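Here the structure is laid out as structure tokens; the discussion comes afterwards.
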Amino acid sequence: MKDTKYIMSIDQGTTSSRAIIYDKQLNTIGSSQKEFTQIFPQNGWVEHNPNEIWNSVQSVIAGAFIESGVKPDEIAGIGITNQRETTIIWDKETGLPIYNAVVWQSRQSAPIASKLYEAGYSEMIHEKTGLIIDSYFSATKIRWILDNVEGAQERAENGELMFGTVDTWLVWKLTGGESFVTDYSNASRTMLYNIHKLEWDQEILDLLNIPLAMMPEVRSNSEVYGNTANYHFYGANTPISGMAGDQQAALFGQMAFEPGMVKNTYGTGSFIVMNTGETPQLSENNLLTTIGYGINGKIYYALEGSIFVAGSSVQWLRDGLKMIENSSDSEALAKKSKNDNEVFVVPAFTGLGAPYWDSDARGSVFGLTRGTTKEDFVKATLQSIAYQARDVIDTMNKDAGIDIPLLKVDGGAANNDWLLQFQADILGTKVQRAHNLETTALGAAYLAGLAVGFWESMDEIKDMYEEGGTFEPKMSEEERQKLYKNWKLAVKATQVFKPEA
Amino acid sequence: MKVEHFLEKNEVREITIFNQLVLNHGVLSYKDMLDHLAVSKASLDNDLESIAARMSDFDKQVYIQYDGQNIELIMGDHISLQHIYRLYLDQSIKIKIINYLFKHQKFSITQLTLKLAISESSLFRKIRDLNSHLKEFGIKIRNGQLHGEELQIRYFYFHFYSYIEDKTTLFTVHADSQMIQTMQSLENFLKVTILPENRERLSTWLFISKSRITIKNQKHKYLREKMKPYVKDPLYHKIQVMILRYFSRYSIEVDEGEAMLHFVFLLAFPILTEDDFHEYTLIRDRHAPVAALDMYIAETIINHFKFRKLPYMLEREIYYHLTHIHTQLYFFQGDIERFEYRYILAKEKQIVGDNLVAFAREIIGTSIKRFRIEAGDNNSLFKMGVFKYINLLLLLSFKMAKVLQIGIDLKMDELYKETLSELLILKMSPIQGIHIERYEPNKEYDLILTNDKTSDLSGYEGARVYVLSEVLSSFDLANIQRIIQELNT
């Protein structure tokens with residue numbers, strides 16, 4: 001056997017798939033990315049073709065090999081990270097999906113979720129799964145497919161069908177149907193997994209009439225799940241040895257291994273995840289409790305809160321208001337602003353998430369004067385991203401009772417120094433940017449590498465962490481309190497404004 | 001195998017005369033023609049006489065004039081080189097032998113000498129000659145029959161009836177109701193659409209299959225070996241079921257070899273639409289070497305051109321063409337090099353430049369290596385493979401090319417400047433993906449063409465500059481095309 005010198009990370013996202021090959025020092029040796037079709041059968045429905053996802057993954061694997069010149073048998077292990085909750089059901093014999101993948105954003109199973117809520121199952125489900133009833137999670141999507149594909153329920157009961165999130169689907173395909181598994185982090189986003197007992201919850205399965213037989217085996221985040229079938233990996237039987245949902249992979253990639261460590265990924269929206277340690281903390285403020293990762297026989301739980309509008313508010317400045325030409329211009333404009341932070345933009349375009357949970361709220365702007373400039377407006381929009389992050393982090397603090405010494409950040413907007421400085425100022429907490437912003441793929445690589453001994457221990461990984469800048473709070477406590485109080489006021493005013501339709 | 005292998009030596013020379021005249025604007029000096037053909041004056045004179053006699057079939061629509069110095073081709077508007085090739089091929093004895101063999105499956109020497117009105121020795125010579133070329137296909141005429149793998153025999157006939165023998169006579173024969181019915185059943189069963197242009201191809205294949213199906217002891221050894229990775233392929237399964245059901249209505253016993261033949265044909269040639277093929281690619285079994293190679297080569301091409309993102313529909317199109325190339329490479333051996341292909345290839349080489357041709361050769365090298373097939377020089381399939389890859393790369397270059405802004409900034413008297421600029425624009429007009437105009441200061445350009453020999457060309461702000469050696473020269477034009485290609489990738 002050749003020396004195995006590399007780890008491959010497969011990052012299967014909502015709009016594209018990527019494969020990245022890393023060496024031991026975490027240098028990117030080769031990568032490839034491919035987009036795939038977004039299917040919108042009806043308003044609010046979002047679907048993918050599972051075979052197209054699979055094809056795109058196959059393509060990026062080939063692309064990464066070609067670009068890097070690395071041979072398949074030089075790969076020590078494969079880590080997979082994926083869009084979470086997206087639901088696929090396929091035939092065990094033929095391997096053919098019985099319906100499109102129902103994507104996490106898709107609302108087609110909302111009536112099923114509403115029925116569960118109205119029937120009073122919220123508390124039971126929250127206690128067992130740490131989640132709030134929503135069509136976002138896999139459970140109602142499975143029910144929807146079984147209801148809408150002719151004969152599916154019967155086939156499921158006969159053990160002819162398999163359910164999986166994208167990780168399960170990919171491992172099943174890559175191993176030539178040998179491994180039918182998922183990991184803790186993905187299982188904990190199905191709304192069917194008991195995060196305390198670490199098993200599929202029979203009561204919830206019965207409630208939704210989902211046969212246990214179709215559920216995959218739940219495994220830790222770092223172990224060998226199976227080997228690639230040689231015809232799927234250009235002749236090599238390579239171990240698939242790491243797996244995690246995208247946000248949990250980013251948590252691991254940010255090396256947020258200690259309780260109280262928080263990461264924030266600034267994407268279109270923002271995903272904030274806090275490591276809460278080995279005991280699950282159920283939120284009293286509608287944050288989600290989830291499994292961060294399970295490794296070496298231990299389970300680490302997490303609290304998760306998401307902000308609906310983060311980077312997309314900068315896109316709004318660019319595409320909607322035409323105030324900037326490129327997203328990167330926002331930083332320079334914010335720096336030019338001379339005002340005293342009296343403008344507040346509340347980008348509640350699709351409502352307000354944690355901790356407000358007000359789906360009827362809509363975006364608003366406060367504090368305009370005759371002297372308000374474009375620069376002030378851009379600055380206020382960037383600030384809104386930081387204010388919202390503080391809303392979620394304060395709530396996490398309250399729920400978990402853990403102090404937050406450091407916020408680790410990644411994602412596209414983490415390149416914006418001005419935003420990160422303001423984030424540190426408004427939190428009163430140090431903000432640390434990862435040198436390699438691809439933390440999701442890195443997390444999957446770490447998990448895979450640890451399982452096959454490519455890296456010896458988590459300590460070895462910790463030693464490799466490279467920060468890409470630290471931002472210490474510089475704002476006075478008085479100013480911080482004043483600004484955040486005014487933000488809360490702006491949010492309150494936004495929530496009051498509910499015009500008649 | 002080449003088309004001219006069906007002709008006699010003097011006929012090939014006559015065809016070459018036509019070719020040379022077409023390539024040289026219809027006129028070539030007698031001396032140049034002699035040099036090109038490398039024959040004696042007497043031979044060339046004989047050829048010209050023979051041409052004159054043969055062209056009487058065209059009723060003065062085609063004739064060659066020789067005034068003692070130049071040879072000139074005069075051709076009617078509705079006549080092309082293809083018609084001339086056809087005329088020669090229609091008179092070919094070798095083609096008649098193949099035709100006879102196809103229609104009767106076997107022949108006796110007596111039968112054939114009578115039928116073709118030639119001597120036994122002449123017949124033997126022609127069969128020997130044919131066999132030397134059929135070797136490339138792995139088939140042979142022996143004891144009055146065609147021997148070899150059934151896949152190769154049908155594949156050869158498919159080429160023969162698609163490109164050599166006159167197709168029009170065939171269609172009246174096989175456009176019968178049974179053929180139409182068969183095609184409709186195939187469409188219904190596979191839930192696919194066969195477009196009219198693909199129907200023609202499919203009906204040729206079905207016609208050949210219909211004629212061959214009753215032949216006993218067909219050989220499928222090689223095919224079965226190659227099909228091993230396909231046993232779980234969903235399309236193959238469907239075809240297997242379809243073939244068995246279809247023939248259960250008749251007294252013909254077929255085995256899975258017949259299904260394999262049709263499966264291979266369906267993937268090796270454009271029969272399915274791109275949409276139907278795409279549906280298949282999503283579910284095809286990855287054991288299949290062709291599926292793996294398609295992906296590998298597609299990614300190699302994307303990586304070569306450094307395309308950050310390829311439009312989804314274009315990527316689908318690439319896969320569609322790659323599968324045809326690769327299925328042929330994987331399953332078949334031999335090909336027939338058509339006259340027009342070689343001409344097009346020569347022209348394309350001038351346009352695409354050496355780099356793209358070298359890359360196409362590299363790709364075929366990879367394909368051959370991955371399929372673990374022997375790359376013999378005599379297999380025309382590899383030559384045609386390179387040609388197909390070149391075309392695919394060209395297609396990709398054209399479709400991905402952004403419109404390059406080119407400014408012409410000639411430093412000379414205004415009168416010449418205007419005229420030469422316009423002439424240059426005219427000369428470059430066939431090049432796709434460019435917008436060319438006279439240079440305007442303060443406008444952004446990707447490329448500036450100038451004859452300014454001064455060393456300071458910094459005034460063009462970031463645009464690439466090419467200094468013309470001689471305005472309108474082919475040397476400059478070739479260099480400009482190379483730069484355009486570089487800028488596009």
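By order in the structure tokens, chains are A, B, ...; within a chain, residues start at 1; ligands start at 1, following the order shown.
Using only C-alpha atoms, the protein and nucleic acid residues lying no more than 8 Å from range 291-307 of chain B, apart from those fewer than 4 places from it along its own chain, are Gln58, Ser59, Ala62, Gly63, Ile66, Glu67, Tyr231 and Tyr234 of chain A; Thr281, Arg284, Asp285, Arg286, His287, Ile318, Tyr319, Leu322, Thr323, His326, Ile363, Ser367, Arg370, Leu393 and Thr489 of chain B.
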Note to self: Give me, as a PyMOL selection string, all polymer residues having an atom no more than 10 Å from range 461-472 of chain A, counting only C-alpha atoms and skipping those fewer than 5 positions away in the same chain.
What the structure shows: chain A and resi 24-26+253-257+406-410+414-415+417-418+420-425+428-437+446+449-450+455-456
Output C-alpha atoms for every residue in the selection just made, as a CSV table (one decimal), in the first residue's frame.
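Saved file result-v1.csv follows:
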```
chain,number,residue,atom,x,y,z
A,24,LYS,CA,-1.2,16.7,6.9
A,25,GLN,CA,-0.3,20.4,7.4
A,26,LEU,CA,-3.8,21.3,6.2
A,253,GLY,CA,-13.4,22.8,12.2
A,254,GLN,CA,-13.2,25.9,14.4
A,255,MET,CA,-11.8,23.6,17.2
A,256,ALA,CA,-14.5,24.8,19.5
A,257,PHE,CA,-13.8,21.7,21.7
A,406,LEU,CA,-14.3,34.0,22.6
A,407,LEU,CA,-16.4,34.0,19.5
A,408,LYS,CA,-14.9,32.1,16.6
A,409,VAL,CA,-16.0,33.3,13.2
A,410,ASP,CA,-15.9,32.1,9.6
A,414,ALA,CA,-15.8,37.1,8.1
A,415,ASN,CA,-13.4,38.7,5.7
A,417,ASP,CA,-12.6,43.5,9.4
A,418,TRP,CA,-14.9,46.4,10.2
A,420,LEU,CA,-15.6,41.8,13.1
A,421,GLN,CA,-14.3,44.7,15.1
A,422,PHE,CA,-17.9,45.9,15.6
A,423,GLN,CA,-18.9,42.4,16.6
A,424,ALA,CA,-16.2,42.3,19.2
A,425,ASP,CA,-17.2,45.8,20.4
A,428,GLY,CA,-17.6,42.8,24.6
A,429,THR,CA,-15.9,39.6,23.7
A,430,LYS,CA,-12.9,38.7,21.7
A,431,VAL,CA,-13.6,37.6,18.1
A,432,GLN,CA,-11.2,35.3,16.4
A,433,ARG,CA,-11.2,34.6,12.7
A,434,ALA,CA,-10.0,31.3,11.4
A,435,HIS,CA,-7.1,31.6,8.9
A,436,ASN,CA,-8.7,29.0,6.8
A,437,LEU,CA,-12.4,30.1,6.4
A,446,TYR,CA,-10.3,16.5,11.1
A,449,GLY,CA,-8.2,12.0,9.9
A,450,LEU,CA,-8.6,11.3,13.6
A,455,TRP,CA,-3.7,12.9,13.1
A,456,GLU,CA,-3.0,11.3,16.4
```
Could you give me, as a CSV table (one decimal) with C-alpha atoms, in the first residue's frame, the residues within 8 Å of Gly138 in chain B, counting only C-alpha atoms and dropping anything in the same chain fewer than 2 positions from it?
```
chain,number,residue,atom,x,y,z
B,134,LEU,CA,-11.4,-5.8,-42.5
B,135,LYS,CA,-8.7,-7.1,-40.2
B,136,GLU,CA,-9.0,-3.7,-38.4
B,140,LYS,CA,-12.8,-11.7,-42.2
B,148,GLY,CA,-15.9,-12.6,-36.4
B,149,GLU,CA,-17.7,-11.3,-33.3
B,152,GLN,CA,-18.0,-6.3,-34.9
B,333,GLN,CA,-12.5,-1.8,-32.9
B,334,GLY,CA,-12.1,-0.2,-36.3
```
Note to self: Using DSSP secondary structure from the backbone, list all alpha helix (DSSP H) positions within range 235-442 of chain B, as a PyMOL selection string.
What the structure shows: chain B and resi 235-247+256-268+274-283+289-305+312-331+339-371+380-400+414-428
Next item on the list: With a cut-off of 10 Å and counting only C-alpha atoms, select all residues of chain A in contact with chain B and give the selection as an MDAnalysis selection string.
Entry: chainID A and resid 32:37 49:56 58:67 94:97 173 176 229:234
Write a file of the selected residues as a compact mmCIF listing (two decimals), in the first residue's frame, keeping N, CA and C atoms.
```
# COMPACT_ATOMS: atom_id res chain seq x y z
N SER A 32 -12.37 20.94 -6.07
CA SER A 32 -13.28 21.03 -7.21
C SER A 32 -14.67 21.32 -6.67
N GLN A 33 -15.43 22.07 -7.45
CA GLN A 33 -16.78 22.44 -7.00
C GLN A 33 -17.75 22.32 -8.16
N LYS A 34 -18.96 21.88 -7.86
CA LYS A 34 -19.96 21.74 -8.92
C LYS A 34 -21.34 22.10 -8.38
N GLU A 35 -22.04 22.91 -9.14
CA GLU A 35 -23.40 23.26 -8.74
C GLU A 35 -24.37 22.24 -9.32
N PHE A 36 -25.54 22.18 -8.75
CA PHE A 36 -26.55 21.27 -9.31
C PHE A 36 -27.91 21.97 -9.33
N THR A 37 -28.87 21.31 -9.94
CA THR A 37 -30.16 21.95 -10.19
C THR A 37 -30.99 22.11 -8.91
N ASN A 49 -32.52 16.59 -7.08
CA ASN A 49 -32.51 15.22 -7.58
C ASN A 49 -31.35 14.49 -6.87
N PRO A 50 -31.67 13.48 -6.05
CA PRO A 50 -30.60 12.81 -5.29
C PRO A 50 -29.51 12.24 -6.18
N ASN A 51 -29.89 11.77 -7.35
CA ASN A 51 -28.87 11.22 -8.25
C ASN A 51 -28.00 12.32 -8.84
N GLU A 52 -28.57 13.50 -8.97
CA GLU A 52 -27.76 14.61 -9.44
C GLU A 52 -26.77 15.04 -8.35
N ILE A 53 -27.23 15.00 -7.11
CA ILE A 53 -26.31 15.29 -6.00
C ILE A 53 -25.16 14.28 -6.05
N TRP A 54 -25.52 13.03 -6.20
CA TRP A 54 -24.53 11.96 -6.24
C TRP A 54 -23.56 12.15 -7.41
N ASN A 55 -24.11 12.49 -8.56
CA ASN A 55 -23.28 12.73 -9.75
C ASN A 55 -22.32 13.89 -9.51
N SER A 56 -22.83 14.94 -8.88
CA SER A 56 -21.97 16.11 -8.64
C SER A 56 -20.84 15.74 -7.68
N GLN A 58 -19.51 12.74 -7.38
CA GLN A 58 -18.58 11.94 -8.18
C GLN A 58 -17.68 12.83 -9.03
N SER A 59 -18.29 13.86 -9.61
CA SER A 59 -17.53 14.78 -10.47
C SER A 59 -16.47 15.52 -9.67
N VAL A 60 -16.84 16.02 -8.49
CA VAL A 60 -15.86 16.82 -7.74
C VAL A 60 -14.74 15.94 -7.19
N ILE A 61 -15.05 14.69 -6.91
CA ILE A 61 -13.99 13.76 -6.48
C ILE A 61 -12.98 13.65 -7.63
N ALA A 62 -13.50 13.41 -8.84
CA ALA A 62 -12.62 13.30 -10.00
C ALA A 62 -11.86 14.60 -10.22
N GLY A 63 -12.59 15.72 -10.12
CA GLY A 63 -11.98 17.03 -10.35
C GLY A 63 -10.84 17.31 -9.39
N ALA A 64 -11.04 16.96 -8.12
CA ALA A 64 -9.99 17.22 -7.11
C ALA A 64 -8.76 16.35 -7.39
N PHE A 65 -9.00 15.12 -7.80
CA PHE A 65 -7.86 14.24 -8.13
C PHE A 65 -7.09 14.80 -9.33
N ILE A 66 -7.83 15.22 -10.33
CA ILE A 66 -7.18 15.71 -11.56
C ILE A 66 -6.40 16.99 -11.27
N GLU A 67 -7.04 17.89 -10.53
CA GLU A 67 -6.35 19.16 -10.26
C GLU A 67 -5.09 18.96 -9.43
N THR A 94 -33.05 -1.46 -5.73
CA THR A 94 -32.61 -0.79 -6.97
C THR A 94 -31.71 0.41 -6.69
N GLY A 95 -31.78 0.93 -5.48
CA GLY A 95 -31.00 2.13 -5.16
C GLY A 95 -31.60 3.39 -5.75
N LEU A 96 -32.80 3.27 -6.32
CA LEU A 96 -33.40 4.46 -6.95
C LEU A 96 -34.26 5.21 -5.94
N PRO A 97 -34.07 6.53 -5.86
CA PRO A 97 -34.91 7.33 -4.95
C PRO A 97 -36.37 7.25 -5.39
N LYS A 173 -24.01 5.20 -1.25
CA LYS A 173 -23.59 5.15 -2.66
C LYS A 173 -22.09 4.85 -2.77
N GLY A 176 -21.05 1.39 -2.25
CA GLY A 176 -21.74 0.42 -3.11
C GLY A 176 -22.87 -0.28 -2.37
N ALA A 229 -16.40 1.68 -2.57
CA ALA A 229 -16.33 0.62 -3.57
C ALA A 229 -15.29 1.09 -4.59
N ASN A 230 -14.42 0.21 -5.04
CA ASN A 230 -13.31 0.69 -5.88
C ASN A 230 -13.80 1.39 -7.15
N TYR A 231 -14.96 0.97 -7.68
CA TYR A 231 -15.45 1.59 -8.92
C TYR A 231 -16.01 2.99 -8.67
N HIS A 232 -16.16 3.36 -7.39
CA HIS A 232 -16.62 4.71 -7.10
C HIS A 232 -15.49 5.63 -6.71
N PHE A 233 -14.30 5.07 -6.56
CA PHE A 233 -13.20 5.91 -6.09
C PHE A 233 -11.94 5.62 -6.89
N TYR A 234 -12.13 5.47 -8.16
CA TYR A 234 -11.04 5.29 -9.11
C TYR A 234 -10.05 4.21 -8.67
```
Checklist line | Who sits within 10 Å of Met124 in chain A, only C-alpha atoms, same chain under 5 positions skipped, as JSON, numbers by chain | finding: {"A": [129, 130, 131, 132, 203, 204]}
Limited to C-alpha atoms, could you put the picked residues into a file as a tab-separated table (two decimals), in the first residue's frame?
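Output contents, as saved in out-v8.tsv:
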```
chain	number	residue	atom	x	y	z
A	129	THR	CA	-35.01	15.79	20.42
A	130	GLY	CA	-34.05	19.27	21.58
A	131	LEU	CA	-35.86	20.69	18.54
A	132	ILE	CA	-38.92	22.79	17.97
A	203	GLU	CA	-42.73	7.15	20.29
A	204	ILE	CA	-42.10	9.85	17.71
```
Next item on the list: Just give me the gap between CA of Gly462 in chain B and CA of Leu420 in chain B in Å, one decimal is fine.
Entry: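 These two atoms are separated by 24.8 Å.
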Check: Contacts of range 157-163 of chain B at 9 Å or less, counting only C-alpha atoms, minus same-chain residues fewer than 3 places along, as an NGL selection string?
Finding: :B and (3 or 95 or 98 or 102 or 152-154 or 166-167 or 170 or 201 or 204-205 or 208 or 335-336 or 338)
Note to self: Can you tell me, as a ChimeraX atom specification, which residues in range 223-377 of chain A count as strand (DSSP E) by DSSP?
What the structure shows: /A:223-227,239-245,262-266,270-277,288-295,298-307,344-346,364-366
Do a neighbour search on Leu206 in chain B at 9 Å with only C-alpha atoms, toss out local chain neighbours closer than 5 positions, and write the hits as a CSV table (one decimal) with C-alpha atoms, in the first residue's frame.
```
chain,number,residue,atom,x,y,z
B,174,HIS,CA,-36.5,-0.9,-44.3
B,179,MET,CA,-39.6,-1.4,-38.6
B,182,THR,CA,-40.4,-1.8,-33.7
B,183,MET,CA,-39.2,1.7,-33.2
B,201,ARG,CA,-29.5,5.7,-37.7
B,211,SER,CA,-31.0,-9.6,-41.4
B,262,HIS,CA,-28.6,-3.3,-28.9
```
Item checked: For Pro259 in chain A: contacts at 6 Å, only C-alpha atoms, fewer than 5 positions along chain excluded, given as a PyMOL selection string -> chain A and resi 275-277
